[in-house]
Structure formats: C-alpha cells, structure tokens
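Next comes structure.txt, a file with compact mmCIF, C-alpha atoms and all ligand atoms.
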# COMPACT_ATOMS: atom_id res chain seq x y z
CA MET A 1 42.99 -0.92 9.86
CA ILE A 2 41.37 -1.80 6.54
CA PHE A 3 37.73 -1.33 7.51
CA SER A 4 37.02 2.05 8.98
CA LYS A 5 34.29 2.74 11.52
CA LYS A 6 32.17 4.40 8.86
CA ASN A 7 31.53 0.92 7.43
CA LYS A 8 29.64 0.05 10.57
CA LYS A 9 25.91 0.47 10.77
CA HIS A 10 24.99 2.14 13.99
CA GLU A 11 22.05 1.02 16.01
CA GLY A 12 18.92 3.15 15.78
CA GLU A 13 19.30 4.10 12.13
CA MET A 14 16.48 3.67 9.66
CA PRO A 15 17.21 1.24 6.83
CA LYS A 16 17.90 3.21 3.65
CA HIS A 17 16.86 0.35 1.41
CA ILE A 18 14.20 -2.24 2.29
CA GLY A 19 13.44 -5.33 0.21
CA ILE A 20 10.12 -7.14 0.57
CA ILE A 21 9.21 -10.59 -0.72
CA MET A 22 5.42 -10.25 -1.05
CA ASP A 23 4.64 -13.85 -0.21
CA GLY A 24 1.51 -15.60 1.05
CA ASN A 25 -1.23 -14.22 -1.21
CA GLY A 26 -2.42 -17.70 -2.20
CA ARG A 27 -2.58 -19.02 1.39
CA TRP A 28 -4.27 -15.84 2.61
CA ALA A 29 -7.00 -16.39 0.01
CA ARG A 30 -7.36 -20.14 0.57
CA ARG A 31 -7.85 -19.62 4.32
CA ARG A 32 -10.78 -17.36 3.49
CA GLY A 33 -12.27 -19.75 0.96
CA LEU A 34 -11.34 -17.37 -1.87
CA PRO A 35 -9.60 -18.06 -5.18
CA ARG A 36 -5.85 -17.37 -5.37
CA SER A 37 -6.59 -14.44 -7.67
CA ALA A 38 -8.35 -12.70 -4.76
CA GLY A 39 -5.14 -13.12 -2.75
CA HIS A 40 -3.08 -11.47 -5.47
CA ALA A 41 -5.59 -8.63 -5.74
CA ALA A 42 -5.43 -8.11 -1.94
CA GLY A 43 -1.62 -8.33 -2.18
CA ALA A 44 -1.57 -5.61 -4.84
CA GLU A 45 -3.73 -3.36 -2.62
CA ASN A 46 -1.40 -3.92 0.30
CA PHE A 47 1.59 -3.17 -1.89
CA LYS A 48 0.12 0.29 -2.59
CA ARG A 49 -0.46 0.95 1.14
CA ILE A 50 3.09 -0.09 2.05
CA VAL A 51 4.63 1.98 -0.76
CA THR A 52 2.79 5.07 0.50
CA PHE A 53 3.86 4.37 4.08
CA CYS A 54 7.52 3.83 3.15
CA GLY A 55 7.47 7.22 1.42
CA GLU A 56 5.92 8.83 4.50
CA ILE A 57 8.51 7.45 6.93
CA GLY A 58 11.40 8.49 4.71
CA ILE A 59 12.63 5.17 3.33
CA ALA A 60 14.87 6.04 0.38
CA TYR A 61 14.64 2.76 -1.58
CA LEU A 62 12.05 -0.01 -1.56
CA THR A 63 12.38 -3.13 -3.71
CA VAL A 64 9.40 -5.47 -3.89
CA TYR A 65 9.39 -8.95 -5.39
CA ALA A 66 6.25 -9.11 -7.52
CA PHE A 67 7.04 -11.93 -9.97
CA SER A 68 10.11 -14.13 -10.28
CA THR A 69 11.59 -15.73 -13.39
CA GLU A 70 10.49 -19.05 -11.80
CA ASN A 71 6.90 -17.77 -11.46
CA TRP A 72 6.52 -18.11 -15.25
CA ASN A 73 6.11 -21.84 -14.52
CA ARG A 74 2.82 -21.26 -12.66
CA PRO A 75 -0.49 -22.11 -14.36
CA GLN A 76 -1.10 -19.71 -17.25
CA ALA A 77 -4.29 -18.36 -15.66
CA GLU A 78 -2.39 -17.28 -12.55
CA VAL A 79 0.44 -15.72 -14.58
CA ASP A 80 -2.17 -13.83 -16.63
CA GLU A 81 -3.87 -12.63 -13.44
CA ILE A 82 -0.68 -11.22 -11.91
CA MET A 83 0.22 -9.54 -15.23
CA ARG A 84 -3.31 -8.12 -15.39
CA LEU A 85 -2.90 -6.64 -11.88
CA MET A 86 0.42 -5.16 -12.92
CA ASP A 87 -1.16 -3.69 -16.04
CA ILE A 88 -3.93 -2.10 -13.95
CA TYR A 89 -1.35 -0.76 -11.50
CA LEU A 90 0.68 0.79 -14.31
CA ASP A 91 -2.47 2.59 -15.51
CA ASP A 92 -3.64 3.64 -12.04
CA SER A 93 -0.23 4.62 -10.71
CA TYR A 94 -0.36 8.09 -12.30
CA LYS A 95 -3.23 8.97 -9.94
CA GLU A 96 -2.15 6.63 -7.15
CA LEU A 97 1.35 8.13 -6.93
CA GLU A 98 0.38 11.75 -7.61
CA GLY A 99 2.15 14.10 -5.22
CA LYS A 100 4.11 11.26 -3.59
CA ASN A 101 7.37 12.05 -5.39
CA VAL A 102 8.06 8.34 -6.07
CA VAL A 103 10.53 7.17 -8.73
CA VAL A 104 9.35 3.86 -10.23
CA LYS A 105 11.75 1.36 -11.75
CA ILE A 106 10.89 -2.11 -12.96
CA ILE A 107 13.77 -4.58 -12.63
CA GLY A 108 13.96 -7.96 -14.35
CA GLU A 109 13.80 -9.64 -17.75
CA ARG A 110 11.62 -7.16 -19.59
CA GLY A 111 11.80 -9.05 -22.86
CA MET A 112 9.60 -11.77 -21.35
CA LEU A 113 6.74 -9.28 -20.84
CA THR A 114 4.17 -8.34 -23.46
CA GLN A 115 5.04 -5.33 -25.62
CA LYS A 116 2.03 -3.50 -24.16
CA LEU A 117 3.35 -3.96 -20.62
CA GLN A 118 6.88 -2.98 -21.69
CA ASP A 119 5.54 0.23 -23.23
CA LYS A 120 3.53 1.10 -20.11
CA ILE A 121 6.57 0.43 -17.92
CA ALA A 122 8.79 2.68 -20.07
CA ALA A 123 6.15 5.44 -19.92
CA LEU A 124 5.74 5.27 -16.13
CA GLU A 125 9.50 5.17 -15.55
CA LYS A 126 9.90 8.25 -17.74
CA HIS A 127 6.99 10.00 -16.03
CA THR A 128 8.47 9.47 -12.53
CA SER A 129 12.16 9.75 -13.43
CA LYS A 130 12.53 13.38 -12.30
CA ASN A 131 11.02 12.72 -8.86
CA THR A 132 13.31 12.91 -5.86
CA GLY A 133 11.58 10.84 -3.17
CA LEU A 134 11.24 7.11 -2.58
CA VAL A 135 12.80 4.94 -5.30
CA LEU A 136 10.46 2.01 -5.84
CA ASN A 137 11.97 -0.98 -7.63
CA ILE A 138 9.35 -3.51 -8.68
CA ALA A 139 11.04 -6.84 -9.41
CA LEU A 140 9.02 -8.33 -12.24
CA SER A 141 10.16 -11.37 -14.19
CA TYR A 142 13.18 -11.02 -11.94
CA GLY A 143 15.77 -13.57 -10.86
CA GLY A 144 18.88 -12.77 -8.86
CA ARG A 145 21.06 -15.29 -10.66
CA GLN A 146 19.77 -14.16 -14.01
CA GLU A 147 20.65 -10.58 -13.00
CA ILE A 148 24.23 -11.64 -12.23
CA VAL A 149 24.42 -13.45 -15.59
CA HIS A 150 23.22 -10.26 -17.26
CA ALA A 151 25.96 -8.24 -15.50
CA ALA A 152 28.60 -10.88 -16.40
CA LYS A 153 27.59 -10.69 -20.06
CA GLU A 154 27.87 -6.90 -20.03
CA CYS A 155 31.36 -7.09 -18.54
CA ALA A 156 32.37 -9.83 -21.01
CA ARG A 157 31.09 -7.70 -23.87
CA LEU A 158 33.22 -4.73 -22.76
CA ALA A 159 36.25 -7.03 -22.54
CA ALA A 160 35.57 -8.56 -25.96
CA GLU A 161 35.33 -5.06 -27.43
CA GLY A 162 38.71 -4.26 -25.88
CA LYS A 163 37.24 -1.49 -23.72
CA ILE A 164 38.39 -3.17 -20.50
CA SER A 165 40.79 -5.93 -19.57
CA PRO A 166 39.30 -9.02 -17.82
CA ASP A 167 41.43 -8.01 -14.82
CA ASP A 168 39.48 -4.76 -14.56
CA ILE A 169 36.37 -6.73 -13.57
CA ASP A 170 35.84 -6.28 -9.87
CA GLU A 171 32.86 -6.04 -7.48
CA GLU A 172 32.36 -2.39 -8.29
CA MET A 173 32.15 -3.10 -12.02
CA VAL A 174 29.69 -5.97 -11.56
CA SER A 175 27.61 -3.76 -9.23
CA SER A 176 27.50 -1.09 -11.92
CA HIS A 177 25.86 -3.58 -14.33
CA ILE A 178 23.15 -5.02 -12.13
CA TYR A 179 19.60 -3.64 -12.36
CA THR A 180 19.93 -1.59 -9.15
CA ALA A 181 23.20 0.04 -10.26
CA GLY A 182 23.81 3.29 -8.42
CA GLN A 183 21.55 2.34 -5.50
CA PRO A 184 22.72 1.22 -2.06
CA ASP A 185 22.36 -2.50 -1.31
CA PRO A 186 19.27 -3.48 0.69
CA ASP A 187 19.89 -3.06 4.42
CA PHE A 188 16.87 -5.05 5.41
CA ILE A 189 14.92 -7.80 3.65
CA ILE A 190 11.48 -8.74 4.89
CA ARG A 191 9.67 -11.96 4.04
CA PRO A 192 6.20 -12.57 5.42
CA SER A 193 4.24 -15.86 5.11
CA GLY A 194 6.46 -18.14 7.19
CA GLU A 195 8.95 -19.13 4.46
CA LYS A 196 12.55 -18.53 5.44
CA ARG A 197 14.49 -18.29 2.21
CA LEU A 198 15.56 -15.69 -0.32
CA SER A 199 14.12 -17.41 -3.42
CA ASN A 200 16.49 -15.76 -5.90
CA PHE A 201 15.70 -12.21 -4.66
CA LEU A 202 18.52 -9.63 -4.80
CA THR A 203 21.15 -12.39 -4.75
CA TRP A 204 24.09 -10.10 -5.44
CA GLN A 205 22.85 -7.15 -3.38
CA SER A 206 21.91 -9.09 -0.22
CA ALA A 207 25.45 -10.14 0.78
CA TYR A 208 25.22 -8.11 4.00
CA SER A 209 21.48 -7.60 4.36
CA GLU A 210 19.66 -8.17 7.62
CA PHE A 211 16.61 -10.45 7.40
CA TRP A 212 13.22 -10.45 9.06
CA PHE A 213 10.71 -13.24 8.71
CA SER A 214 7.13 -13.36 9.90
CA ASP A 215 4.20 -15.77 9.71
CA ILE A 216 1.80 -13.05 8.57
CA MET A 217 0.58 -13.42 4.98
CA TRP A 218 1.43 -10.50 2.70
CA PRO A 219 -2.14 -9.16 2.24
CA ALA A 220 -2.41 -8.92 6.06
CA PHE A 221 1.00 -7.32 6.56
CA THR A 222 0.30 -3.83 7.88
CA LYS A 223 2.22 -0.62 8.54
CA LYS A 224 2.32 -1.70 12.18
CA HIS A 225 4.10 -4.94 11.24
CA LEU A 226 6.54 -2.98 9.12
CA MET A 227 7.29 -0.62 12.01
CA GLU A 228 7.84 -3.60 14.36
CA ALA A 229 10.27 -5.08 11.85
CA ILE A 230 12.12 -1.76 11.48
CA GLU A 231 12.33 -1.36 15.25
CA GLU A 232 13.96 -4.77 15.48
CA TYR A 233 16.33 -3.86 12.66
CA GLN A 234 17.33 -0.75 14.58
CA LYS A 235 18.53 -2.87 17.49
CA ARG A 236 20.86 -4.90 15.33
CA ASN A 237 24.56 -4.26 15.27
CA ARG A 238 25.76 -4.56 11.69
CA ARG A 239 29.46 -5.23 11.41
CA PHE A 240 29.95 -6.10 7.72
CA GLY A 241 32.55 -8.68 8.69
CA ALA A 242 34.51 -6.21 10.83
CA LEU A 243 34.59 -6.16 14.63
C1 LIG B 1 3.83 -15.04 -3.84
O1 LIG B 1 2.80 -15.48 -3.02
C2 LIG B 1 3.34 -13.90 -4.60
C3 LIG B 1 3.41 -13.77 -5.93
C4 LIG B 1 4.06 -14.77 -6.81
C5 LIG B 1 2.82 -12.60 -6.61
C6 LIG B 1 2.91 -11.31 -5.84
C7 LIG B 1 2.09 -10.34 -6.55
C8 LIG B 1 1.44 -9.32 -5.98
C9 LIG B 1 1.55 -8.95 -4.56
C10 LIG B 1 0.59 -8.44 -6.84
C11 LIG B 1 1.48 -7.79 -7.83
C12 LIG B 1 0.89 -6.60 -8.33
C13 LIG B 1 1.41 -5.40 -8.17
C14 LIG B 1 0.61 -4.28 -8.65
C15 LIG B 1 2.74 -5.14 -7.59
P1 LIG B 1 1.92 -16.75 -3.42
O2 LIG B 1 0.72 -16.30 -4.11
O3 LIG B 1 2.78 -17.73 -4.10
O4 LIG B 1 1.48 -17.24 -2.02
P2 LIG B 1 1.38 -18.72 -1.50
O5 LIG B 1 2.79 -19.15 -1.26
O6 LIG B 1 0.61 -18.56 -0.24
O7 LIG B 1 0.67 -19.54 -2.52
Kindly present the structure from the file in structure tokens form.
Ligand code: FPP
Amino acid sequence: MIFSKKNKKHEGEMPKHIGIIMDGNGRWARRRGLPRSAGHAAGAENFKRIVTFCGEIGIAYLTVYAFSTENWNRPQAEVDEIMRLMDIYLDDSYKELEGKNVVVKIIGERGMLTQKLQDKIAALEKHTSKNTGLVLNIALSYGGRQEIVHAAKECARLAAEGKISPDDIDEEMVSSHIYTAGQPDPDFIIRPSGEKRLSNFLTWQSAYSEFWFSDIMWPAFTKKHLMEAIEEYQKRNRRFGAL
C-alpha cells in the first residue's frame, strides 16, 4: 500500500492550520449606511479578536487574507485606507500581542508596499520570531499564482546556477520555496460573506484543504461562528485521495 493510514485525518481532530478569507467588510458597512472604510476598520478589529481566540484554542497556524495582488486595482482611497489600517496594526501589535506568544509573518509581494511598511513588517517579524505559539501569516499584496511563479523562479535560478538538475524539481522542492515553507498546508479554509471561491488564496497549499463558507460578513464573524465551523470540520473524513 502506497498511502499509509497516517496520511488520513481522523475525525475529531482540531485543524492545525486554518486559512481565513476576510471578506464582506464593504457589504457589512453598506448595510449599516456606513462608508466602506468603516467596514475595513471593523474587519481589522475582528481580525484581532479571532487571532487572540485562535491562540487560546491552540490553533498552530492561522493565515488570513488581508489584501490580494488584485486588490491593488481598487480605488486608490480604499487601497490607502487598508494600508493605513495595516500600518496602525503593525504599530499597535507590540501591545496587542504582548504575552500571546504569536509569531507574525507577512506573506506576499513585499516590494509593492511602501518602504515604511516594509520596515515595520521586518521589525515586527524579528520581534516575534522567537515566540513559540500561534504562527500568524498575514497575506498582504498576496496572490497564490504569483507565489507559485516566485517558487518556480527560485527553482529555475538554482538550476541555472548548476546547483540542481531540472529533474530534481519536485513537489517538495516547490513547497520549500513558497512563502509558507516549513509550515503544514491549511487543513481548513473559511470564507464568510457568501462568496464561494478561493480568489487566488493559498493556491498551492490548498490542494487538500477542507472548505467552509458562510453568509456572515467578516466584521460580524464571531468566535462562536469559528467554533461552529471547526465542529463541522471535525466531522469530516479526510482521505487525501486514499480510501
Ligand atoms: C474583502 O472584503 C476585504 C478586503 C479586501 C480587505 C480586508 C482587510 C481587513 C480585514 C483589514 C486589514 C487590516 C488588518 C490589520 C489585518 P470587501 O471589503 O471587498 O467586502 P465586499 O465584498 O463586501 O465589498
């Protein structure tokens, strides 16, 4: 038998790695007669609550989709607003995350961000790098396909330098050049807001992820909703293509 039983996910286990597409901020705000910026601000507050909760319930890895490579095409004022919220978070996170043992990593095309933001990201990553609790990946200026292109270029570069042969390139090598290298793939991907697509989130890593969709808008997505989603995940029988 090629696939051993240890490849199977047994029912009742907690997901090690959860991915969340934080969608629905704009609609949440519009329904309340508020500007979209208020939705993003409420979304950022909810993000902090969910990060804390994931740490408390022992989730090992959490990846949140904060801003995609496609989101650069939004009106400049909205892009600026989301970057402003991120900037504030990077400043506040020292106090916000104090004692929570969280490791913060920002994944995506960093070169697209302002130098100020890049510097703050590098400082926060360094500050939290020795922590041993929840690993929080914030996908910012992130695109799954772009991440695969990045990994392909790295492998091609090694081949061009004669360090590897093209035949050495396998799934393991590509995995070791994506942004989440060294981390387990997401077991469970959650998308609130009623949309049922992946939108270029963790394209490589989600090959065997379980999905959970809900009509709740991200700012209104509570710990209770997360627990309901996890409970449903725990009933699923993951086979990874085996029987
Ligand atoms: C998608 O919903 C959401 C975004 C493009 C931005 C998500 C950003 C945050 C939650 C705040 C980020 C800040 C931190 C500190 C992580 P949408 O606004 O497109 O919703 P809509 O589809 O209802 O318009």
Atomic separation - CA of Ile21 in chain A relative to atom O3 of ligand LIG 1 (chain B), Å =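 The value is 10.2 Å.
Residue nearest Thr180 in chain A, chosen from A:Asn137, A:Thr128, A:Ser193, A:Ser37 and counting all atoms listed in the file: A:Asn137.
Nearest residue to ligand LIG 1 (chain B) among A:Tyr142, A:Tyr208, A:Trp28, A:Phe53 is A:Trp28, counting only C-alpha atoms and all ligand atoms.
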Quick one: of A:Asp170, A:Glu231, A:Asp119, A:Glu45, who's nearest to Asp92 in chain A, counting all atoms listed in the file?
->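 Nearest to Asp92 in chain A: A:Glu45.
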Around ligand LIG 1 (chain B), at most 8 Å away and counting only C-alpha atoms and all ligand atoms, which residues are there? Put them as a ChimeraX atom specification, please.
-> /A:21-29,36,39-48,64-68,71,82-83,85-90,138,193,217-219
All residues 12 Å or closer to Trp72 in chain A, only C-alpha atoms, same chain fewer than 6 positions away omitted, as a list in words =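 Selected residues are Ala66, Glu78, Val79, Asp80, Glu81, Ile82, Met83, Glu109, Met112, Leu113, Leu140, Ser141, Tyr142 and Gly143 of chain A.
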Okay, now the selection with C-alpha atoms, as a short mmCIF file (atom, residue, chain, number, x, y, z; two decimals), keeping the file's coordinate frame?
data_model
loop_
_atom_site.label_atom_id
_atom_site.label_comp_id
_atom_site.auth_asym_id
_atom_site.auth_seq_id
_atom_site.Cartn_x
_atom_site.Cartn_y
_atom_site.Cartn_z
CA ALA A 66 6.25 -9.11 -7.52
CA GLU A 78 -2.39 -17.28 -12.55
CA VAL A 79 0.44 -15.72 -14.58
CA ASP A 80 -2.17 -13.83 -16.63
CA GLU A 81 -3.87 -12.63 -13.44
CA ILE A 82 -0.68 -11.22 -11.91
CA MET A 83 0.22 -9.54 -15.23
CA GLU A 109 13.80 -9.64 -17.75
CA MET A 112 9.60 -11.77 -21.35
CA LEU A 113 6.74 -9.28 -20.84
CA LEU A 140 9.02 -8.33 -12.24
CA SER A 141 10.16 -11.37 -14.19
CA TYR A 142 13.18 -11.02 -11.94
CA GLY A 143 15.77 -13.57 -10.86
#
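Among the candidates A:Ile148, A:Ala60, A:Ala229, A:Val103, the residue lying nearest to Lys126 in chain A is A:Val103 (atoms considered: all atoms listed in the file).
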Give me the residues within 12 Å of Ala151 in chain A as a PyMOL selection string, counting only C-alpha atoms and dropping any in the same chain fewer than 4 places off.
-> chain A and resi 144-147+155-158+169-181+204
Report the distance between CA of Asp168 in chain A and CA of Ala152 in chain A in Å, rounded to one decimal place.
->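 CA of Asp168 in chain A sits 12.6 Å away from CA of Ala152 in chain A.
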